[in-house]
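Enquirer: What follows is run-v5.cif, made up of mmCIF, C-alpha atoms and all ligand atoms:
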data_entry
#
loop_
_atom_site.group_PDB
_atom_site.id
_atom_site.type_symbol
_atom_site.label_atom_id
_atom_site.label_comp_id
_atom_site.auth_asym_id
_atom_site.auth_seq_id
_atom_site.Cartn_x
_atom_site.Cartn_y
_atom_site.Cartn_z
ATOM 1 C CA VAL A 270 -14.900 -51.898 25.443
ATOM 2 C CA LEU A 271 -17.622 -53.616 27.428
ATOM 3 C CA ALA A 272 -20.551 -51.799 29.027
ATOM 4 C CA PHE A 273 -22.861 -53.063 31.743
ATOM 5 C CA VAL A 274 -26.492 -52.868 30.628
ATOM 6 C CA ASN A 275 -29.104 -54.138 33.079
ATOM 7 C CA GLY A 276 -26.996 -57.001 34.359
ATOM 8 C CA LYS A 277 -25.166 -57.956 31.160
ATOM 9 C CA LEU A 278 -21.778 -56.989 29.777
ATOM 10 C CA ILE A 279 -22.153 -55.944 26.154
ATOM 11 C CA PRO A 280 -19.677 -54.449 23.623
ATOM 12 C CA GLU A 281 -20.264 -50.712 23.896
ATOM 13 C CA GLU A 282 -21.101 -50.209 20.209
ATOM 14 C CA ARG A 283 -23.948 -52.706 20.558
ATOM 15 C CA ALA A 284 -25.248 -51.385 23.893
ATOM 16 C CA THR A 285 -28.645 -49.741 23.425
ATOM 17 C CA VAL A 286 -31.675 -48.573 25.364
ATOM 18 C CA SER A 287 -35.189 -47.861 24.124
ATOM 19 C CA ILE A 288 -35.964 -44.628 22.215
ATOM 20 C CA ARG A 289 -38.966 -44.410 24.544
ATOM 21 C CA ASP A 290 -36.783 -44.255 27.620
ATOM 22 C CA HIS A 291 -37.807 -41.173 29.565
ATOM 23 C CA GLY A 292 -34.150 -40.515 30.280
ATOM 24 C CA PHE A 293 -33.689 -39.922 26.550
ATOM 25 C CA LEU A 294 -37.062 -38.219 25.992
ATOM 26 C CA TYR A 295 -37.198 -35.957 29.040
ATOM 27 C CA GLY A 296 -33.907 -36.137 30.936
ATOM 28 C CA ASP A 297 -35.676 -38.232 33.555
ATOM 29 C CA GLY A 298 -32.818 -40.035 35.232
ATOM 30 C CA VAL A 299 -29.839 -39.758 37.551
ATOM 31 C CA TYR A 300 -26.143 -40.430 37.143
ATOM 32 C CA GLU A 301 -22.744 -40.668 38.762
ATOM 33 C CA THR A 302 -19.184 -40.271 37.537
ATOM 34 C CA LEU A 303 -16.444 -42.117 39.405
ATOM 35 C CA ARG A 304 -12.691 -42.114 39.015
ATOM 36 C CA VAL A 305 -10.712 -45.343 38.844
ATOM 37 C CA TYR A 306 -7.169 -45.207 40.228
ATOM 38 C CA SER A 307 -4.884 -48.208 39.694
ATOM 39 C CA GLY A 308 -7.791 -50.416 38.669
ATOM 40 C CA ARG A 309 -10.062 -49.518 41.569
ATOM 41 C CA ALA A 310 -12.988 -47.111 41.718
ATOM 42 C CA PHE A 311 -12.456 -44.374 44.307
ATOM 43 C CA LEU A 312 -15.005 -43.325 46.965
ATOM 44 C CA VAL A 313 -17.573 -45.851 45.771
ATOM 45 C CA ARG A 314 -19.573 -45.747 48.991
ATOM 46 C CA GLU A 315 -19.879 -41.954 48.802
ATOM 47 C CA HIS A 316 -20.961 -41.983 45.162
ATOM 48 C CA LEU A 317 -23.559 -44.675 45.762
ATOM 49 C CA LYS A 318 -24.893 -42.838 48.784
ATOM 50 C CA ARG A 319 -25.438 -39.810 46.571
ATOM 51 C CA LEU A 320 -26.975 -41.996 43.857
ATOM 52 C CA ALA A 321 -29.476 -43.273 46.411
ATOM 53 C CA HIS A 322 -30.204 -39.670 47.424
ATOM 54 C CA SER A 323 -30.737 -38.703 43.776
ATOM 55 C CA MET A 324 -33.029 -41.695 43.199
ATOM 56 C CA ARG A 325 -35.113 -40.744 46.215
ATOM 57 C CA GLY A 326 -35.197 -37.163 44.968
ATOM 58 C CA ILE A 327 -36.977 -38.160 41.757
ATOM 59 C CA GLY A 328 -38.858 -41.163 43.131
ATOM 60 C CA LEU A 329 -36.930 -43.758 41.151
ATOM 61 C CA LYS A 330 -36.820 -47.234 42.634
ATOM 62 C CA PRO A 331 -33.374 -48.855 42.519
ATOM 63 C CA PRO A 332 -33.329 -51.876 40.191
ATOM 64 C CA MET A 333 -30.817 -53.611 42.490
ATOM 65 C CA SER A 334 -29.200 -53.049 45.858
ATOM 66 C CA LEU A 335 -26.367 -50.547 46.252
ATOM 67 C CA GLU A 336 -24.097 -53.451 47.078
ATOM 68 C CA LYS A 337 -24.982 -55.117 43.756
ATOM 69 C CA ILE A 338 -24.381 -51.835 41.951
ATOM 70 C CA ALA A 339 -20.948 -51.587 43.605
ATOM 71 C CA GLN A 340 -20.204 -55.108 42.383
ATOM 72 C CA ALA A 341 -21.386 -54.191 38.885
ATOM 73 C CA ILE A 342 -18.991 -51.210 38.833
ATOM 74 C CA ASP A 343 -16.169 -53.514 39.842
ATOM 75 C CA ARG A 344 -17.190 -56.009 37.147
ATOM 76 C CA VAL A 345 -17.055 -53.401 34.361
ATOM 77 C CA VAL A 346 -13.717 -52.058 35.569
ATOM 78 C CA ARG A 347 -12.193 -55.547 35.667
ATOM 79 C CA ALA A 348 -13.738 -56.687 32.364
ATOM 80 C CA ASN A 349 -12.138 -53.705 30.636
ATOM 81 C CA ARG A 350 -8.870 -54.036 32.569
ATOM 82 C CA ALA A 351 -9.268 -50.358 33.347
ATOM 83 C CA GLU A 352 -6.415 -48.850 35.350
ATOM 84 C CA GLU A 353 -6.631 -45.048 35.141
ATOM 85 C CA ALA A 354 -10.228 -44.584 34.062
ATOM 86 C CA VAL A 355 -13.592 -42.905 34.521
ATOM 87 C CA VAL A 356 -16.811 -44.788 35.205
ATOM 88 C CA ARG A 357 -20.131 -43.354 34.084
ATOM 89 C CA LEU A 358 -23.222 -44.796 35.704
ATOM 90 C CA THR A 359 -26.631 -43.824 34.359
ATOM 91 C CA LEU A 360 -29.957 -44.853 35.810
ATOM 92 C CA SER A 361 -32.888 -43.727 33.705
ATOM 93 C CA ARG A 362 -36.624 -43.975 34.270
ATOM 94 C CA GLY A 363 -37.037 -46.571 31.537
ATOM 95 C CA PRO A 364 -39.407 -46.789 28.562
ATOM 96 C CA GLY A 365 -42.899 -45.356 28.753
ATOM 97 C CA PRO A 366 -45.583 -43.445 26.873
ATOM 98 C CA TYR A 367 -44.933 -40.037 25.264
ATOM 99 C CA ALA A 368 -46.023 -38.120 28.339
ATOM 100 C CA PHE A 369 -44.272 -36.734 31.413
ATOM 101 C CA ASP A 370 -46.061 -39.104 33.788
ATOM 102 C CA PRO A 371 -43.296 -41.418 35.088
ATOM 103 C CA PHE A 372 -45.624 -43.926 36.754
ATOM 104 C CA PRO A 373 -46.319 -46.136 33.709
ATOM 105 C CA CYS A 374 -42.581 -46.305 32.892
ATOM 106 C CA GLY A 375 -40.120 -49.036 33.492
ATOM 107 C CA PRO A 376 -38.188 -50.994 34.211
ATOM 108 C CA PRO A 377 -35.386 -48.440 34.766
ATOM 109 C CA ASN A 378 -32.245 -48.832 32.686
ATOM 110 C CA LEU A 379 -28.959 -49.134 34.519
ATOM 111 C CA VAL A 380 -25.956 -48.562 32.274
ATOM 112 C CA ILE A 381 -22.357 -48.500 33.487
ATOM 113 C CA SER A 382 -19.562 -47.705 31.076
ATOM 114 C CA VAL A 383 -15.888 -47.018 31.502
ATOM 115 C CA ARG A 384 -13.462 -44.925 29.498
ATOM 116 C CA PRO A 385 -9.748 -44.245 29.860
ATOM 117 C CA PHE A 386 -8.995 -41.209 32.009
ATOM 118 C CA GLU A 387 -7.784 -38.324 29.870
ATOM 119 C CA PRO A 388 -5.850 -35.958 32.103
ATOM 120 C CA TYR A 389 -6.366 -32.225 31.842
ATOM 121 C CA PRO A 390 -3.348 -30.401 30.408
ATOM 122 C CA ILE A 391 -0.604 -30.102 33.003
ATOM 123 C CA SER A 392 -0.499 -26.342 32.321
ATOM 124 C CA PHE A 393 -4.010 -26.075 33.825
ATOM 125 C CA TYR A 394 -2.562 -27.206 37.154
ATOM 126 C CA GLN A 395 0.662 -25.240 36.853
ATOM 127 C CA ARG A 396 -0.858 -21.940 35.762
ATOM 128 C CA GLY A 397 -4.478 -22.277 36.846
ATOM 129 C CA ILE A 398 -7.501 -22.016 34.581
ATOM 130 C CA VAL A 399 -9.803 -19.167 33.622
ATOM 131 C CA ALA A 400 -13.298 -19.460 35.128
ATOM 132 C CA ALA A 401 -16.251 -17.320 34.114
ATOM 133 C CA VAL A 402 -18.923 -16.219 36.542
ATOM 134 C CA VAL A 403 -21.792 -16.570 34.074
ATOM 135 C CA SER A 404 -25.160 -14.821 33.964
ATOM 136 C CA VAL A 405 -27.043 -18.141 33.906
ATOM 137 C CA ARG A 406 -28.164 -18.808 37.486
ATOM 138 C CA ARG A 407 -28.164 -22.189 39.178
ATOM 139 C CA ASN A 408 -31.599 -23.773 39.366
ATOM 140 C CA SER A 409 -33.539 -22.873 42.454
ATOM 141 C CA PRO A 410 -33.811 -25.772 44.916
ATOM 142 C CA ARG A 411 -37.529 -25.089 44.672
ATOM 143 C CA SER A 412 -37.592 -25.916 40.959
ATOM 144 C CA LEU A 413 -35.034 -28.491 39.821
ATOM 145 C CA PRO A 414 -33.078 -29.316 42.984
ATOM 146 C CA PRO A 415 -29.318 -29.086 42.289
ATOM 147 C CA HIS A 416 -28.629 -31.626 45.039
ATOM 148 C CA VAL A 417 -30.104 -34.315 42.782
ATOM 149 C CA LYS A 418 -27.500 -35.394 40.237
ATOM 150 C CA SER A 419 -29.998 -35.675 37.425
ATOM 151 C CA THR A 420 -29.532 -36.216 33.709
ATOM 152 C CA SER A 421 -31.519 -32.984 33.153
ATOM 153 C CA CYS A 422 -28.336 -30.981 32.656
ATOM 154 C CA LEU A 423 -29.499 -28.061 30.499
ATOM 155 C CA ASN A 424 -28.951 -25.539 33.285
ATOM 156 C CA GLY A 425 -25.271 -26.469 33.401
ATOM 157 C CA ILE A 426 -24.998 -26.815 29.625
ATOM 158 C CA LEU A 427 -26.287 -23.266 29.071
ATOM 159 C CA ALA A 428 -23.817 -22.020 31.667
ATOM 160 C CA LYS A 429 -21.017 -23.985 29.979
ATOM 161 C CA VAL A 430 -21.826 -22.453 26.571
ATOM 162 C CA GLU A 431 -21.716 -18.958 28.079
ATOM 163 C CA SER A 432 -18.418 -19.667 29.835
ATOM 164 C CA LYS A 433 -16.858 -20.849 26.564
ATOM 165 C CA ARG A 434 -17.993 -17.651 24.851
ATOM 166 C CA LEU A 435 -16.215 -15.784 27.634
ATOM 167 C CA GLY A 436 -13.027 -17.719 26.910
ATOM 168 C CA ALA A 437 -13.115 -19.727 30.143
ATOM 169 C CA GLN A 438 -12.478 -23.398 30.853
ATOM 170 C CA GLU A 439 -15.260 -23.589 33.435
ATOM 171 C CA GLY A 440 -18.375 -21.602 34.279
ATOM 172 C CA ILE A 441 -19.311 -20.628 37.813
ATOM 173 C CA MET A 442 -22.988 -20.108 38.588
ATOM 174 C CA LEU A 443 -24.549 -17.894 41.247
ATOM 175 C CA THR A 444 -27.771 -18.639 43.085
ATOM 176 C CA LEU A 445 -30.890 -16.569 42.442
ATOM 177 C CA GLU A 446 -29.885 -14.625 45.591
ATOM 178 C CA ASP A 447 -26.496 -13.665 44.069
ATOM 179 C CA ASN A 448 -24.400 -15.986 46.202
ATOM 180 C CA LEU A 449 -21.847 -18.399 44.854
ATOM 181 C CA ALA A 450 -23.381 -21.777 43.954
ATOM 182 C CA GLU A 451 -21.063 -24.061 41.971
ATOM 183 C CA GLY A 452 -19.332 -24.672 38.679
ATOM 184 C CA THR A 453 -21.146 -26.327 35.769
ATOM 185 C CA VAL A 454 -19.446 -29.616 36.700
ATOM 186 C CA SER A 455 -17.497 -28.649 39.807
ATOM 187 C CA ASN A 456 -17.612 -27.159 43.283
ATOM 188 C CA VAL A 457 -15.887 -23.905 44.142
ATOM 189 C CA PHE A 458 -13.501 -23.146 46.995
ATOM 190 C CA VAL A 459 -12.117 -19.812 48.112
ATOM 191 C CA VAL A 460 -9.001 -19.355 50.250
ATOM 192 C CA LYS A 461 -8.835 -16.143 52.260
ATOM 193 C CA LYS A 462 -6.369 -15.377 55.049
ATOM 194 C CA GLY A 463 -5.594 -19.066 55.474
ATOM 195 C CA ALA A 464 -9.249 -20.134 55.852
ATOM 196 C CA ILE A 465 -10.853 -22.370 53.271
ATOM 197 C CA MET A 466 -14.414 -21.490 52.323
ATOM 198 C CA THR A 467 -16.950 -23.188 50.128
ATOM 199 C CA PRO A 468 -20.675 -22.515 49.608
ATOM 200 C CA ALA A 469 -22.895 -24.271 52.162
ATOM 201 C CA LEU A 470 -25.093 -26.982 50.677
ATOM 202 C CA GLU A 471 -28.639 -26.166 51.861
ATOM 203 C CA GLY A 472 -29.969 -27.622 48.640
ATOM 204 C CA HIS A 473 -28.424 -24.902 46.490
ATOM 205 C CA LEU A 474 -25.729 -27.061 44.921
ATOM 206 C CA LEU A 475 -24.633 -30.588 44.310
ATOM 207 C CA ALA A 476 -22.910 -32.200 47.275
ATOM 208 C CA GLY A 477 -19.762 -33.010 45.341
ATOM 209 C CA VAL A 478 -18.074 -36.169 46.552
ATOM 210 C CA THR A 479 -14.715 -34.477 45.965
ATOM 211 C CA ARG A 480 -15.931 -31.353 47.825
ATOM 212 C CA GLU A 481 -16.751 -33.442 50.865
ATOM 213 C CA TRP A 482 -13.502 -35.376 50.665
ATOM 214 C CA VAL A 483 -11.425 -32.203 50.315
ATOM 215 C CA CYS A 484 -13.221 -30.623 53.304
ATOM 216 C CA ARG A 485 -12.358 -33.701 55.361
ATOM 217 C CA LEU A 486 -8.731 -33.750 54.236
ATOM 218 C CA ALA A 487 -8.400 -30.027 54.938
ATOM 219 C CA ARG A 488 -9.940 -30.266 58.422
ATOM 220 C CA ARG A 489 -7.730 -33.223 59.237
ATOM 221 C CA ALA A 490 -4.725 -31.150 58.158
ATOM 222 C CA GLY A 491 -5.736 -28.431 60.602
ATOM 223 C CA TYR A 492 -7.216 -25.866 58.215
ATOM 224 C CA ARG A 493 -10.228 -23.830 59.164
ATOM 225 C CA VAL A 494 -12.951 -24.922 56.725
ATOM 226 C CA LEU A 495 -16.086 -22.827 56.521
ATOM 227 C CA GLU A 496 -19.213 -23.871 54.673
ATOM 228 C CA ARG A 497 -21.140 -20.662 54.340
ATOM 229 C CA LYS A 498 -22.837 -18.166 52.036
ATOM 230 C CA ILE A 499 -20.238 -16.671 49.729
ATOM 231 C CA PRO A 500 -21.090 -13.410 47.963
ATOM 232 C CA LEU A 501 -19.417 -12.642 44.638
ATOM 233 C CA GLY A 502 -17.234 -9.958 46.268
ATOM 234 C CA LEU A 503 -15.561 -12.555 48.460
ATOM 235 C CA LEU A 504 -14.754 -14.708 45.441
ATOM 236 C CA ALA A 505 -13.272 -11.735 43.628
ATOM 237 C CA SER A 506 -11.075 -10.759 46.589
ATOM 238 C CA ALA A 507 -9.844 -14.285 47.344
ATOM 239 C CA ASP A 508 -6.194 -15.168 47.878
ATOM 240 C CA GLU A 509 -6.738 -18.428 46.019
ATOM 241 C CA VAL A 510 -9.655 -20.033 44.183
ATOM 242 C CA PHE A 511 -9.874 -23.669 43.226
ATOM 243 C CA LEU A 512 -12.447 -26.063 41.827
ATOM 244 C CA THR A 513 -13.048 -29.692 42.680
ATOM 245 C CA ASN A 514 -14.625 -32.621 40.919
ATOM 246 C CA THR A 515 -14.012 -36.307 40.375
ATOM 247 C CA THR A 516 -11.811 -35.921 37.299
ATOM 248 C CA MET A 517 -10.233 -32.489 37.988
ATOM 249 C CA GLU A 518 -9.480 -33.417 41.604
ATOM 250 C CA ILE A 519 -8.264 -29.954 42.687
ATOM 251 C CA MET A 520 -7.967 -27.379 39.934
ATOM 252 C CA PRO A 521 -6.534 -23.908 40.567
ATOM 253 C CA VAL A 522 -8.207 -20.843 39.058
ATOM 254 C CA ARG A 523 -5.948 -17.950 38.071
ATOM 255 C CA ARG A 524 -8.460 -15.566 36.571
ATOM 256 C CA LEU A 525 -12.169 -14.871 36.864
ATOM 257 C CA VAL A 526 -14.167 -13.321 34.066
ATOM 258 C CA VAL A 527 -17.344 -11.886 35.520
ATOM 259 C CA ALA A 528 -20.249 -11.469 33.114
ATOM 260 C CA ALA A 529 -22.123 -8.290 33.899
ATOM 261 C CA SER A 530 -25.284 -6.938 32.322
ATOM 262 C CA ARG A 531 -25.473 -5.887 28.660
ATOM 263 C CA GLY A 532 -22.440 -7.870 27.598
ATOM 264 C CA ALA A 533 -20.000 -5.973 29.818
ATOM 265 C CA ARG A 534 -17.436 -8.055 31.656
ATOM 266 C CA ARG A 535 -14.840 -7.671 34.325
ATOM 267 C CA ARG A 536 -11.603 -9.542 34.820
ATOM 268 C CA VAL A 537 -10.232 -10.413 38.207
ATOM 269 C CA GLU A 538 -6.834 -11.998 38.740
ATOM 270 C CA VAL A 539 -6.904 -14.412 41.668
ATOM 271 C CA GLY A 540 -3.394 -15.755 41.552
ATOM 272 C CA THR A 541 -0.585 -16.572 39.182
ATOM 273 C CA GLY A 542 -0.584 -20.323 39.476
ATOM 274 C CA MET A 543 -1.235 -22.902 42.104
ATOM 275 C CA GLY A 544 -1.347 -21.079 45.448
ATOM 276 C CA PRO A 545 0.216 -22.633 48.563
ATOM 277 C CA VAL A 546 -3.038 -23.887 50.148
ATOM 278 C CA THR A 547 -4.335 -25.246 46.827
ATOM 279 C CA GLU A 548 -1.052 -27.042 46.239
ATOM 280 C CA ASP A 549 -0.974 -28.524 49.718
ATOM 281 C CA LEU A 550 -4.513 -29.863 49.301
ATOM 282 C CA PHE A 551 -3.753 -31.066 45.787
ATOM 283 C CA TRP A 552 -0.986 -33.347 47.097
ATOM 284 C CA ARG A 553 -3.021 -34.469 50.082
ATOM 285 C CA PHE A 554 -5.767 -35.483 47.670
ATOM 286 C CA ARG A 555 -3.366 -37.378 45.413
ATOM 287 C CA LEU A 556 -1.907 -39.224 48.397
ATOM 288 C CA SER A 557 -5.366 -40.163 49.651
ATOM 289 C CA ALA A 558 -6.288 -41.572 46.234
ATOM 290 C CA GLU A 559 -3.065 -43.548 46.038
ATOM 291 C CA ALA A 560 -3.534 -44.813 49.582
ATOM 292 C CA GLN A 561 -6.529 -46.862 48.515
ATOM 293 C CA VAL A 562 -4.393 -49.091 46.277
ATOM 294 C CA GLY A 563 -4.227 -52.531 47.813
ATOM 295 C CA LYS A 564 -7.042 -51.851 50.241
ATOM 296 C CA GLU A 565 -10.252 -53.822 50.267
ATOM 297 C CA GLN A 566 -13.388 -52.377 48.690
ATOM 298 C CA LEU A 567 -15.635 -50.632 51.181
ATOM 299 C CA PHE A 568 -18.647 -52.640 50.092
HETATM 300 N N1 LIG B 601 -21.425 -29.782 40.737
HETATM 301 C C1 LIG B 601 -21.972 -30.250 39.603
HETATM 302 C C2 LIG B 601 -23.138 -29.530 39.014
HETATM 303 C C3 LIG B 601 -21.464 -31.404 38.989
HETATM 304 O O1 LIG B 601 -22.020 -31.873 37.862
HETATM 305 C C4 LIG B 601 -20.353 -32.058 39.581
HETATM 306 C C5 LIG B 601 -19.779 -33.267 38.986
HETATM 307 O O2 LIG B 601 -19.822 -33.499 37.815
HETATM 308 C C6 LIG B 601 -19.799 -31.537 40.741
HETATM 309 C C7 LIG B 601 -20.375 -30.402 41.308
HETATM 310 C C8 LIG B 601 -18.628 -32.203 41.423
HETATM 311 O O3 LIG B 601 -19.034 -33.423 41.984
HETATM 312 P P1 LIG B 601 -18.017 -34.621 42.269
HETATM 313 O O4 LIG B 601 -16.942 -34.084 43.143
HETATM 314 O O5 LIG B 601 -18.852 -35.628 42.968
HETATM 315 O O6 LIG B 601 -17.492 -35.082 40.959
#
Is it possible to express this structure as structure tokens?

Expert:
Amino acid sequence: VLAFVNGKLIPEERATVSIRDHGFLYGDGVYETLRVYSGRAFLVREHLKRLAHSMRGIGLKPPMSLEKIAQAIDRVVRANRAEEAVVRLTLSRGPGPYAFDPFPCGPPNLVISVRPFEPYPISFYQRGIVAAVVSVRRNSPRSLPPHVKSTSCLNGILAKVESKRLGAQEGIMLTLEDNLAEGTVSNVFVVKKGAIMTPALEGHLLAGVTREWVCRLARRAGYRVLERKIPLGLLASADEVFLTNTTMEIMPVRRLVVAASRGARRRVEVGTGMGPVTEDLFWRFRLSAEAQVGKEQLF
């Protein structure tokens, strides 16, 4: 397996970066995860747009143009003859002194690796997963902005640990104001009376590329899509709940475990499998991913 490290393709086991890289020392970096379908990375333009947004968010200068980065992604995919795969792109601050100050650091390290796509169990899609509404809150946009896809992931990791303790496959985080934010690695959608709702961005959550794509597909299909504040009660009374991300695509949720104070918890059933709206969108998504086969790259 070959990885792209600062312009060179290197066998993954020999690919290294400095132990003084601030990405390693302090989580000072940004990243993207892309899905490859039939040998081609999907929604590259959208992912790179978000990467640029993340870089701006932490004041990291791109080591090469977005177009060059798109070419580098393509190079790694081809070099590994990846067909159904996942690309991980990491851009870290680069080596520097043992101090938070990022200004003396650099140059940034750009690493792109690819791994075979390992599908989630089919039963997850047929029956839906269990998601836990955890007590760990999503970072405030006034502290560590969730709209920056940064390698400082401890907020999500703590939420993930709690969700596993609650027996769930994914953790859902609320904002400090008690509204729905997002999953640890996913965005959340609620279907109620035929309308599709998802938390509005406003800096409170990551602008998932899949979230945006699903909103577009749903609007094009004639659904009413509302990006708004979603209180916990609305989630718990939903007709259908599903999650989106690059590797899950569209994942139905069948049960919510809600962590309450002092270890108490509540269970809410939100369906018995893939609901009709979730299923419709699931297939629309699959078709849209397949439709890119044979088309030219956007960049
Ligand atoms: N929210 C968070 C916190 C994430 O880490 C991710 C992706 O890993 C998502 C949402 C979904 O984003 P995307 O659809 O771009 O994969």

Enquirer: Just the number, please: distance in Å from CA of Val430 in chain A to CA of Val402 in chain A, one decimal.

Expert: 12.1 Å

Enquirer: Give the answer as one residue: which of A:His316, A:Gly276, A:Glu301, A:Thr541 has the shortest atom-to-atom distance to Val454 in chain A, using only C-alpha atoms?

Expert: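 When distances to Val454 in chain A are compared using only C-alpha atoms, the smallest one comes from A:Glu301.
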
Enquirer: At a cut-off of 9 Å around the point (-1.7, -22.6, 38.4) (file coordinates), what residues fall inside when counting all atoms listed in the file? I'd like the answer as a PyMOL selection string.

Expert: chain A and resi 392-398+520-523+540-544

Enquirer: Distance limit 6 Å, reference ligand LIG 601 (chain B), atoms considered: only C-alpha atoms and all ligand atoms. Which residues make the cut? Give them as a JSON list (two decimals) with C-alpha atoms, in the frame of the given file.

Expert:
[["chain", "number", "residue", "atom", "x", "y", "z"],
["A", 451, "GLU", "CA", -21.06, -24.06, 41.97],
["A", 452, "GLY", "CA", -19.33, -24.67, 38.68],
["A", 453, "THR", "CA", -21.15, -26.33, 35.77],
["A", 454, "VAL", "CA", -19.45, -29.62, 36.70],
["A", 455, "SER", "CA", -17.50, -28.65, 39.81],
["A", 456, "ASN", "CA", -17.61, -27.16, 43.28],
["A", 475, "LEU", "CA", -24.63, -30.59, 44.31],
["A", 477, "GLY", "CA", -19.76, -33.01, 45.34],
["A", 478, "VAL", "CA", -18.07, -36.17, 46.55],
["A", 479, "THR", "CA", -14.72, -34.48, 45.96],
["A", 480, "ARG", "CA", -15.93, -31.35, 47.82],
["A", 513, "THR", "CA", -13.05, -29.69, 42.68],
["A", 514, "ASN", "CA", -14.62, -32.62, 40.92],
["A", 515, "THR", "CA", -14.01, -36.31, 40.38]]

Enquirer: When the PyMOL selection byres (((chain A and resi 278) around 10) and not hetatm) is applied to the structure above, which residues does it catch, written out as a ChimeraX atom specification?

Expert: /A:270-277,279-281,284,341,344-345,348,380-382

Enquirer: Kindly export the residues of the current selection with C-alpha atoms, as a PDB file, in the coordinates of the input.

Expert:
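Generated file (part-v9.pdb):
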ATOM      1  CA  VAL A 270     -14.900 -51.898  25.443  1.00  0.00           C
ATOM      2  CA  LEU A 271     -17.622 -53.616  27.428  1.00  0.00           C
ATOM      3  CA  ALA A 272     -20.551 -51.799  29.027  1.00  0.00           C
ATOM      4  CA  PHE A 273     -22.861 -53.063  31.743  1.00  0.00           C
ATOM      5  CA  VAL A 274     -26.492 -52.868  30.628  1.00  0.00           C
ATOM      6  CA  ASN A 275     -29.104 -54.138  33.079  1.00  0.00           C
ATOM      7  CA  GLY A 276     -26.996 -57.001  34.359  1.00  0.00           C
ATOM      8  CA  LYS A 277     -25.166 -57.956  31.160  1.00  0.00           C
ATOM      9  CA  ILE A 279     -22.153 -55.944  26.154  1.00  0.00           C
ATOM     10  CA  PRO A 280     -19.677 -54.449  23.623  1.00  0.00           C
ATOM     11  CA  GLU A 281     -20.264 -50.712  23.896  1.00  0.00           C
ATOM     12  CA  ALA A 284     -25.248 -51.385  23.893  1.00  0.00           C
ATOM     13  CA  ALA A 341     -21.386 -54.191  38.885  1.00  0.00           C
ATOM     14  CA  ARG A 344     -17.190 -56.009  37.147  1.00  0.00           C
ATOM     15  CA  VAL A 345     -17.055 -53.401  34.361  1.00  0.00           C
ATOM     16  CA  ALA A 348     -13.738 -56.687  32.364  1.00  0.00           C
ATOM     17  CA  VAL A 380     -25.956 -48.562  32.274  1.00  0.00           C
ATOM     18  CA  ILE A 381     -22.357 -48.500  33.487  1.00  0.00           C
ATOM     19  CA  SER A 382     -19.562 -47.705  31.076  1.00  0.00           C
TER      20      SER A 382
END

Enquirer: Identify all residues satisfying the PyMOL selection byres (((chain A and resi 379) around 10) and not hetatm) in the given file; provide them as a list in words.

Expert: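 Output of the PyMOL selection byres (((chain A and resi 379) around 10) and not hetatm): Phe273, Val274, Asn275, Gly276, Val286, Gly298, Val299, Tyr300, Pro331, Pro332, Met333, Ile338, Leu358, Thr359, Leu360, Ser361, Arg362, Gly363, Pro376, Pro377, Asn378, Val380 and Ile381 of chain A.
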
Enquirer: Can you measure CA of Ala339 in chain A to CA of Arg314 in chain A for me? One decimal in Å is fine.

Expert: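 Atom-to-atom, CA of Ala339 in chain A and CA of Arg314 in chain A are spaced 8.1 Å apart.
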
Enquirer: For the PyMOL selection byres (((chain A and resi 306-308) around 10) and not hetatm), applied here, can you spell out every residue it catches as an MDAnalysis selection string?

Expert: chainID A and resid 303:305 309:311 343 346:347 349:355 386 558:559 561:563

Enquirer: Would you pick out the contacts of range 468-474 of chain A at 12 Å or less, using all atoms listed in the file, so that residues sharing its chain but fewer than 5 positions from it are not included, and give the list as an MDAnalysis selection string?

Expert: chainID A and resid 326 406:418 425 441:459 480:481 484 494:501 503:504 512

Enquirer: May I have the residues at most 10 Å from (-16.2, -13.8, 35.1) in the file's coordinates, counting all atoms listed in the file, as a PyMOL selection string?

Expert: chain A and resi 399-404+432+435-437+439-442+505+524-529+534-537
